[in-house]
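Structure file upload.csv (CSV, C-alpha atoms) is printed below.
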```
chain,number,residue,atom,x,y,z
Z,109,MET,CA,0.0,0.0,0.0
Z,110,PRO,CA,1.6,3.3,-1.0
Z,111,ILE,CA,1.9,6.5,1.0
Z,112,THR,CA,-1.2,8.7,0.8
Z,113,VAL,CA,-0.6,12.4,0.8
Z,114,ARG,CA,-3.5,14.8,1.5
Z,115,ILE,CA,-2.9,18.0,-0.6
Z,116,PRO,CA,-4.2,21.3,0.9
Z,117,THR,CA,-6.7,23.3,-1.2
Z,118,PRO,CA,-4.1,26.0,-2.2
Z,119,LEU,CA,-1.8,23.4,-3.8
Z,120,GLN,CA,-4.5,21.4,-5.6
Z,121,LYS,CA,-4.0,23.7,-8.6
Z,122,MET,CA,-0.7,21.8,-9.0
Z,123,THR,CA,-2.2,18.4,-8.7
Z,124,ASN,CA,-5.0,18.9,-11.2
Z,125,GLY,CA,-7.5,19.3,-8.4
Z,126,LYS,CA,-6.6,16.1,-6.7
Z,127,ALA,CA,-7.0,16.3,-2.9
Z,128,GLU,CA,-5.1,13.1,-2.4
Z,129,VAL,CA,-2.1,11.6,-4.2
Z,130,GLU,CA,-0.3,8.3,-3.7
Z,131,CYS,CA,3.4,7.8,-3.9
Z,132,SER,CA,6.4,6.0,-2.3
Z,133,ALA,CA,9.2,7.7,-0.4
Z,134,GLY,CA,11.6,6.7,2.4
Z,135,ASN,CA,11.5,10.0,4.3
Z,136,VAL,CA,9.9,13.5,4.1
Z,137,ARG,CA,12.8,14.9,2.1
Z,138,GLU,CA,12.4,12.2,-0.5
Z,139,LEU,CA,8.6,12.8,-0.5
Z,140,VAL,CA,9.2,16.4,-1.5
Z,141,ASP,CA,11.5,15.1,-4.3
Z,142,VAL,CA,8.9,12.6,-5.5
Z,143,LEU,CA,6.1,15.2,-5.4
Z,144,GLU,CA,8.4,17.7,-7.3
Z,145,LYS,CA,8.9,15.0,-10.0
Z,146,GLU,CA,5.2,14.4,-10.4
Z,147,PHE,CA,4.1,18.0,-9.9
Z,148,PRO,CA,6.8,20.4,-10.9
Z,149,GLY,CA,7.0,23.5,-8.7
Z,150,MET,CA,5.9,21.5,-5.6
Z,151,ARG,CA,9.4,21.6,-4.0
Z,152,GLU,CA,9.5,25.4,-4.0
Z,153,ARG,CA,6.0,25.5,-2.5
Z,154,LEU,CA,6.9,23.1,0.3
Z,155,SER,CA,10.5,23.9,1.1
Z,156,GLU,CA,13.2,26.5,1.1
Z,157,GLY,CA,16.9,25.6,1.3
Z,158,GLY,CA,16.1,21.9,1.9
Z,159,LYS,CA,13.9,22.7,4.9
Z,160,ILE,CA,10.1,22.6,5.1
Z,161,ARG,CA,8.9,26.2,4.9
Z,162,ARG,CA,7.9,28.1,8.0
Z,163,PHE,CA,4.1,28.2,8.4
Z,164,ILE,CA,3.7,24.9,6.7
Z,165,ASN,CA,3.1,21.9,8.9
Z,166,ILE,CA,3.5,18.3,7.9
Z,167,TYR,CA,1.9,15.4,9.8
Z,168,VAL,CA,2.7,11.7,9.4
Z,169,ASN,CA,-0.2,9.7,10.8
Z,170,ASP,CA,-1.3,12.7,12.9
Z,171,GLU,CA,2.2,13.4,14.3
Z,172,ASP,CA,3.9,16.7,13.5
Z,173,ILE,CA,7.3,16.0,11.9
Z,174,ARG,CA,8.8,18.8,14.0
Z,175,PHE,CA,8.5,16.5,17.0
Z,176,MET,CA,9.8,13.6,15.0
Z,177,SER,CA,12.9,13.9,12.8
Z,178,LYS,CA,11.8,16.8,10.7
Z,179,GLU,CA,12.8,16.3,7.0
Z,180,ASP,CA,14.5,13.0,8.0
Z,181,THR,CA,11.3,11.6,9.4
Z,182,ALA,CA,11.0,8.0,8.0
Z,183,LEU,CA,8.0,7.1,6.0
Z,184,LYS,CA,6.7,3.6,5.1
Z,185,ASP,CA,4.0,2.3,2.9
Z,186,GLY,CA,0.5,2.8,4.3
Z,187,ASP,CA,1.5,6.1,6.0
Z,188,SER,CA,-0.9,9.0,5.7
Z,189,ILE,CA,0.7,12.4,5.2
Z,190,SER,CA,-1.1,15.7,5.7
Z,191,ILE,CA,0.3,19.1,4.5
Z,192,VAL,CA,-1.4,21.9,6.3
Z,193,PRO,CA,-0.9,25.7,6.3
Z,194,ALA,CA,-0.5,27.2,9.7
Z,195,ILE,CA,-3.2,29.6,10.7
Z,196,ALA,CA,-1.4,32.7,11.8
Z,197,GLY,CA,-1.3,36.5,11.6
Z,198,GLY,CA,-1.3,39.6,13.7
Z,199,GLY,CA,1.3,42.3,14.1
Z,200,TYR,CA,-1.0,45.3,14.1
Z,201,ASN,CA,-0.1,46.4,17.5
Z,202,ARG,CA,3.6,46.2,16.9
Z,203,ARG,CA,3.2,48.3,13.7
Z,204,VAL,CA,1.0,50.9,15.5
Z,205,ARG,CA,3.6,51.3,18.3
Z,206,ARG,CA,6.4,52.2,15.9
B,19,MET,CA,-22.0,37.3,3.9
B,20,LEU,CA,-21.3,35.5,7.2
B,21,ILE,CA,-24.2,34.6,9.5
B,22,ILE,CA,-23.5,34.0,13.2
B,23,ASN,CA,-25.7,33.5,16.2
B,24,GLU,CA,-25.4,36.2,18.9
B,25,ASP,CA,-24.4,33.5,21.4
B,26,ASP,CA,-21.5,32.4,19.2
B,27,LEU,CA,-20.4,36.0,18.7
B,28,GLN,CA,-20.4,36.5,22.5
B,29,THR,CA,-18.4,33.3,22.9
B,30,ILE,CA,-15.8,34.8,20.6
B,31,PHE,CA,-15.8,38.1,22.5
B,32,ALA,CA,-15.4,36.3,25.8
B,33,ASN,CA,-12.4,34.3,24.4
B,34,CYS,CA,-10.8,37.6,23.1
B,35,SER,CA,-11.4,39.3,26.5
B,36,ARG,CA,-9.9,36.4,28.4
B,37,GLU,CA,-6.7,36.4,26.3
B,38,TYR,CA,-6.3,40.2,26.5
B,39,PRO,CA,-3.7,41.7,26.2
B,40,ASN,CA,-2.6,38.9,24.0
B,41,GLU,CA,-4.2,38.0,20.7
B,42,ALA,CA,-6.9,35.3,20.8
B,43,CYS,CA,-7.7,33.1,17.9
B,44,GLY,CA,-10.1,30.5,16.7
B,45,ILE,CA,-11.9,28.6,13.9
B,46,LEU,CA,-15.5,29.0,12.8
B,47,ALA,CA,-17.0,25.8,11.4
B,48,GLY,CA,-20.2,25.6,9.5
B,49,SER,CA,-22.0,25.3,6.2
B,50,PRO,CA,-21.2,27.9,3.5
B,51,GLY,CA,-21.7,31.4,5.0
B,52,VAL,CA,-23.2,30.2,8.2
B,53,VAL,CA,-21.3,29.6,11.5
B,54,GLU,CA,-22.4,26.6,13.4
B,55,GLN,CA,-19.6,26.0,15.8
B,56,VAL,CA,-16.9,28.1,17.4
B,57,TYR,CA,-13.5,26.6,18.3
B,58,ALA,CA,-11.4,28.8,20.5
B,59,MET,CA,-7.8,27.8,19.8
B,60,THR,CA,-4.6,28.1,21.7
B,61,ASN,CA,-2.3,30.9,20.5
B,62,ALA,CA,1.1,29.2,20.4
B,63,ARG,CA,2.9,32.5,20.2
B,64,PRO,CA,1.2,34.8,22.7
B,65,GLY,CA,2.7,38.1,23.8
B,66,LEU,CA,4.2,39.0,20.4
B,67,ALA,CA,1.2,41.0,19.1
B,68,SER,CA,0.6,38.1,16.8
B,69,TYR,CA,-1.0,34.7,16.8
B,70,GLU,CA,-0.3,31.3,15.5
B,71,MET,CA,-2.6,28.5,16.3
B,72,ASP,CA,-1.1,25.5,18.1
B,73,PRO,CA,-0.3,23.3,15.1
B,74,GLU,CA,-1.4,20.0,16.6
B,75,GLU,CA,-4.6,21.4,18.0
B,76,GLN,CA,-5.3,23.0,14.6
B,77,PHE,CA,-4.8,19.7,12.9
B,78,ARG,CA,-7.1,17.9,15.3
B,79,VAL,CA,-9.8,20.5,15.0
B,80,MET,CA,-9.6,20.6,11.2
B,81,LYS,CA,-10.0,16.8,11.2
B,82,ALA,CA,-13.0,17.0,13.6
B,83,ILE,CA,-14.6,19.6,11.4
B,84,ARG,CA,-14.1,17.5,8.3
B,85,ARG,CA,-15.5,14.4,10.0
B,86,SER,CA,-18.6,16.3,11.2
B,87,GLY,CA,-19.4,17.2,7.6
B,88,LEU,CA,-18.8,20.9,8.1
B,89,GLY,CA,-16.2,23.2,6.6
B,90,ILE,CA,-14.0,26.1,7.9
B,91,VAL,CA,-16.2,29.1,7.1
B,92,GLY,CA,-14.2,31.6,9.2
B,93,ILE,CA,-11.0,32.3,11.2
B,94,TYR,CA,-11.1,34.8,13.9
B,95,HIS,CA,-8.5,36.6,16.0
B,96,SER,CA,-8.3,39.7,18.1
B,97,HIS,CA,-6.4,43.0,17.8
B,98,PRO,CA,-6.1,43.9,21.5
B,99,SER,CA,-5.4,47.6,20.8
B,100,GLY,CA,-5.7,47.8,17.0
B,101,PRO,CA,-8.6,48.3,14.6
B,102,ALA,CA,-10.9,45.5,13.4
B,103,TYR,CA,-9.0,45.4,10.1
B,104,PRO,CA,-6.4,43.0,8.7
B,105,SER,CA,-2.8,43.9,9.4
B,106,GLY,CA,-0.1,43.4,6.7
B,107,ILE,CA,0.9,40.2,8.5
B,108,ASP,CA,-2.7,39.0,8.6
B,109,VAL,CA,-2.8,39.4,4.8
B,110,GLU,CA,0.5,37.8,4.2
B,111,ARG,CA,-0.3,34.7,6.3
B,112,ALA,CA,-3.7,34.2,4.6
B,113,TYR,CA,-1.8,33.0,1.5
B,114,TRP,CA,0.4,30.0,1.0
B,115,PRO,CA,4.0,31.2,1.5
B,116,GLY,CA,5.4,32.9,-1.6
B,117,THR,CA,2.1,32.8,-3.5
B,118,LEU,CA,-1.3,34.5,-3.8
B,119,PHE,CA,-3.1,31.1,-3.3
B,120,PRO,CA,-5.5,31.6,-0.4
B,121,ASN,CA,-4.9,29.0,2.3
B,122,PHE,CA,-8.6,28.8,3.2
B,123,PRO,CA,-10.5,30.1,0.2
B,124,ASP,CA,-13.9,29.4,1.8
B,125,ALA,CA,-13.1,31.1,5.1
B,126,ALA,CA,-13.8,34.7,6.0
B,127,TYR,CA,-11.4,36.4,8.4
B,128,MET,CA,-13.1,37.9,11.4
B,129,ILE,CA,-11.1,40.5,13.4
B,130,VAL,CA,-12.2,41.5,16.9
B,131,SER,CA,-10.9,44.9,18.1
B,132,LEU,CA,-10.5,45.4,21.8
B,133,ALA,CA,-9.4,49.0,21.4
B,134,HIS,CA,-12.4,49.7,23.6
B,135,PRO,CA,-12.2,46.6,25.8
B,136,SER,CA,-15.7,46.9,27.3
B,137,ASN,CA,-17.2,47.2,23.8
B,138,PRO,CA,-15.5,44.7,21.4
B,139,ALA,CA,-16.1,45.2,17.7
B,140,ALA,CA,-16.0,42.5,15.0
B,141,ARG,CA,-15.7,42.9,11.3
B,142,THR,CA,-15.2,40.2,8.7
B,143,PHE,CA,-13.2,40.2,5.5
B,144,ALA,CA,-12.4,38.1,2.5
B,145,ILE,CA,-8.6,38.1,1.7
B,146,SER,CA,-8.0,36.8,-1.8
B,147,ASP,CA,-6.4,37.9,-5.1
B,148,GLY,CA,-4.3,40.3,-3.2
B,149,GLN,CA,-7.4,42.2,-2.1
B,150,ILE,CA,-9.1,42.8,1.2
B,151,SER,CA,-12.9,43.1,0.9
B,152,GLU,CA,-15.4,43.4,3.8
B,153,VAL,CA,-17.8,40.5,4.2
B,154,GLU,CA,-21.2,41.5,5.7
B,155,LEU,CA,-21.5,40.0,9.2
B,156,ILE,CA,-25.1,39.2,10.1
B,157,VAL,CA,-25.7,38.5,13.8
B,158,ARG,CA,-28.8,36.3,14.3
B,159,GLN,CA,-30.5,36.9,17.6
B,160,ALA,CA,-31.5,33.9,19.7
```

Reformat the file's structure so that it appears as structure tokens.
Amino acid sequence: MPITVRIPTPLQKMTNGKAEVECSAGNVRELVDVLEKEFPGMRERLSEGGKIRRFINIYVNDEDIRFMSKEDTALKDGDSISIVPAIAGGGYNRRVRR
Amino acid sequence: MLIINEDDLQTIFANCSREYPNEACGILAGSPGVVEQVYAMTNARPGLASYEMDPEEQFRVMKAIRRSGLGIVGIYHSHPSGPAYPSGIDVERAYWPGTLFPNFPDAAYMIVSLAHPSNPAARTFAISDGQISEVELIVRQA
């Protein structure tokens, strides 16, 4: 059984509207490479300088990879991966104070 | 247009007042244009005049919303001393990093101003295509 990757809405433009894709990869870094091969441009959307971008969270079977081995987190067939944009903002007060 | 029950709006105001002077944040779940459930969320970066939802809690809540057959119709946060209008950072974070792809295209962004703490004010906006446009907020009385 391959790895299932849940694609967030803003990136579904790159997967021809698919909300889920299947692939095989040994770890998260490889997963980014595999997705890039299949959906060119995906690497830049997900990572910067080899690291997953800030404000992008990746979960392997409900576990945040930041609390695992980050980009080196091992993957195996049957795993379910979710790519989720952080919900964040603010900064008005800081700007007003300046 | 975003429709919300008065009780739910008061729940949001209470959450924002409780977190004051930090920013509060939460997710509004429902069917298109109608809030049916308010999830007050943990601000993982309080005290920086900013908010970032606790990632694991966000993931858990998003999953629960999906499983309940609802969608994310809104995202709220407070501006403890600023206006009920999106800041530059609010706008930037509404898009996937480095793009103009909205992270949550079906969600309206509600901002609660506590500039007058005893009289919170909420306004709601769509942030897409590089534009901010106000979304009418309709408060349904119980």

Self-check item: Distance-based interface of chain B with chain Z, 8 Å, counting only C-alpha atoms, as a PyMOL selection string
Solution: chain B and resi 41+66-71+73-74+76-77+97-100+104-112+114-116+119-123

Using C-alpha atoms, can you export the residues from the last selection as a PDB file, keeping the file's coordinate frame?
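As written to disk, out_33.pdb reads:
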```pdb
ATOM      1  CA  GLU B  41      -4.200  38.000  20.700  1.00  0.00           C
ATOM      2  CA  LEU B  66       4.200  39.000  20.400  1.00  0.00           C
ATOM      3  CA  ALA B  67       1.200  41.000  19.100  1.00  0.00           C
ATOM      4  CA  SER B  68       0.600  38.100  16.800  1.00  0.00           C
ATOM      5  CA  TYR B  69      -1.000  34.700  16.800  1.00  0.00           C
ATOM      6  CA  GLU B  70      -0.300  31.300  15.500  1.00  0.00           C
ATOM      7  CA  MET B  71      -2.600  28.500  16.300  1.00  0.00           C
ATOM      8  CA  PRO B  73      -0.300  23.300  15.100  1.00  0.00           C
ATOM      9  CA  GLU B  74      -1.400  20.000  16.600  1.00  0.00           C
ATOM     10  CA  GLN B  76      -5.300  23.000  14.600  1.00  0.00           C
ATOM     11  CA  PHE B  77      -4.800  19.700  12.900  1.00  0.00           C
ATOM     12  CA  HIS B  97      -6.400  43.000  17.800  1.00  0.00           C
ATOM     13  CA  PRO B  98      -6.100  43.900  21.500  1.00  0.00           C
ATOM     14  CA  SER B  99      -5.400  47.600  20.800  1.00  0.00           C
ATOM     15  CA  GLY B 100      -5.700  47.800  17.000  1.00  0.00           C
ATOM     16  CA  PRO B 104      -6.400  43.000   8.700  1.00  0.00           C
ATOM     17  CA  SER B 105      -2.800  43.900   9.400  1.00  0.00           C
ATOM     18  CA  GLY B 106      -0.100  43.400   6.700  1.00  0.00           C
ATOM     19  CA  ILE B 107       0.900  40.200   8.500  1.00  0.00           C
ATOM     20  CA  ASP B 108      -2.700  39.000   8.600  1.00  0.00           C
ATOM     21  CA  VAL B 109      -2.800  39.400   4.800  1.00  0.00           C
ATOM     22  CA  GLU B 110       0.500  37.800   4.200  1.00  0.00           C
ATOM     23  CA  ARG B 111      -0.300  34.700   6.300  1.00  0.00           C
ATOM     24  CA  ALA B 112      -3.700  34.200   4.600  1.00  0.00           C
ATOM     25  CA  TRP B 114       0.400  30.000   1.000  1.00  0.00           C
ATOM     26  CA  PRO B 115       4.000  31.200   1.500  1.00  0.00           C
ATOM     27  CA  GLY B 116       5.400  32.900  -1.600  1.00  0.00           C
ATOM     28  CA  PHE B 119      -3.100  31.100  -3.300  1.00  0.00           C
ATOM     29  CA  PRO B 120      -5.500  31.600  -0.400  1.00  0.00           C
ATOM     30  CA  ASN B 121      -4.900  29.000   2.300  1.00  0.00           C
ATOM     31  CA  PHE B 122      -8.600  28.800   3.200  1.00  0.00           C
ATOM     32  CA  PRO B 123     -10.500  30.100   0.200  1.00  0.00           C
TER      33      PRO B 123
END
```

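Between CA of Gln55 (chain B) and CA of Leu118 (chain B) there is a distance of 28.1 Å.
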
Q.
Neighbouring residues of Ala140 (chain B) were defined as those with any atom within 9 Å, considering all atoms listed in the file; residues of the same chain fewer than 2 positions away were excluded. Please report them as a list in words.
A.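 Within the cut-off, the hits are Leu27, Phe31, Ser96, Ala102, Met128, Ile129, Val130, Ser131, Pro138, Thr142 and Leu155 of chain B.
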
Test item: residues at most 8 Å from Val56 (chain B), only C-alpha atoms, excluding those fewer than 2 positions along its chain, as a PDB file with C-alpha atoms, keeping the file's coordinate frame:
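To be explicit, this is the file written out as selection15.pdb:
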```
ATOM      1  CA  ASP B  26     -21.500  32.400  19.200  1.00  0.00           C
ATOM      2  CA  THR B  29     -18.400  33.300  22.900  1.00  0.00           C
ATOM      3  CA  ILE B  30     -15.800  34.800  20.600  1.00  0.00           C
ATOM      4  CA  GLY B  44     -10.100  30.500  16.700  1.00  0.00           C
ATOM      5  CA  ILE B  45     -11.900  28.600  13.900  1.00  0.00           C
ATOM      6  CA  LEU B  46     -15.500  29.000  12.800  1.00  0.00           C
ATOM      7  CA  ALA B  47     -17.000  25.800  11.400  1.00  0.00           C
ATOM      8  CA  VAL B  53     -21.300  29.600  11.500  1.00  0.00           C
ATOM      9  CA  GLU B  54     -22.400  26.600  13.400  1.00  0.00           C
ATOM     10  CA  ALA B  58     -11.400  28.800  20.500  1.00  0.00           C
TER      11      ALA B  58
END
```

Practice prompt. Quote the spacing between CA of Gly87 (chain B) and CA of Gln28 (chain B) in Å to one decimal place.
Written response: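 The value is 24.4 Å.
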
| Of the candidates B:Ile145, B:Ala82, B:Ala62, B:Ala42, which one gets nearest to Tyr94 (chain B) if we count all atoms listed in the file? |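 Among B:Ile145, B:Ala82, B:Ala62, B:Ala42, it is B:Ala42 that comes nearest to Tyr94 (chain B).
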
Worksheet entry | For Glu146 (chain Z): contacts at 10 Å, only C-alpha atoms, fewer than 4 positions along chain excluded, given as an MDAnalysis selection string | chainID Z and resid 122:123 129 131 140:142 150
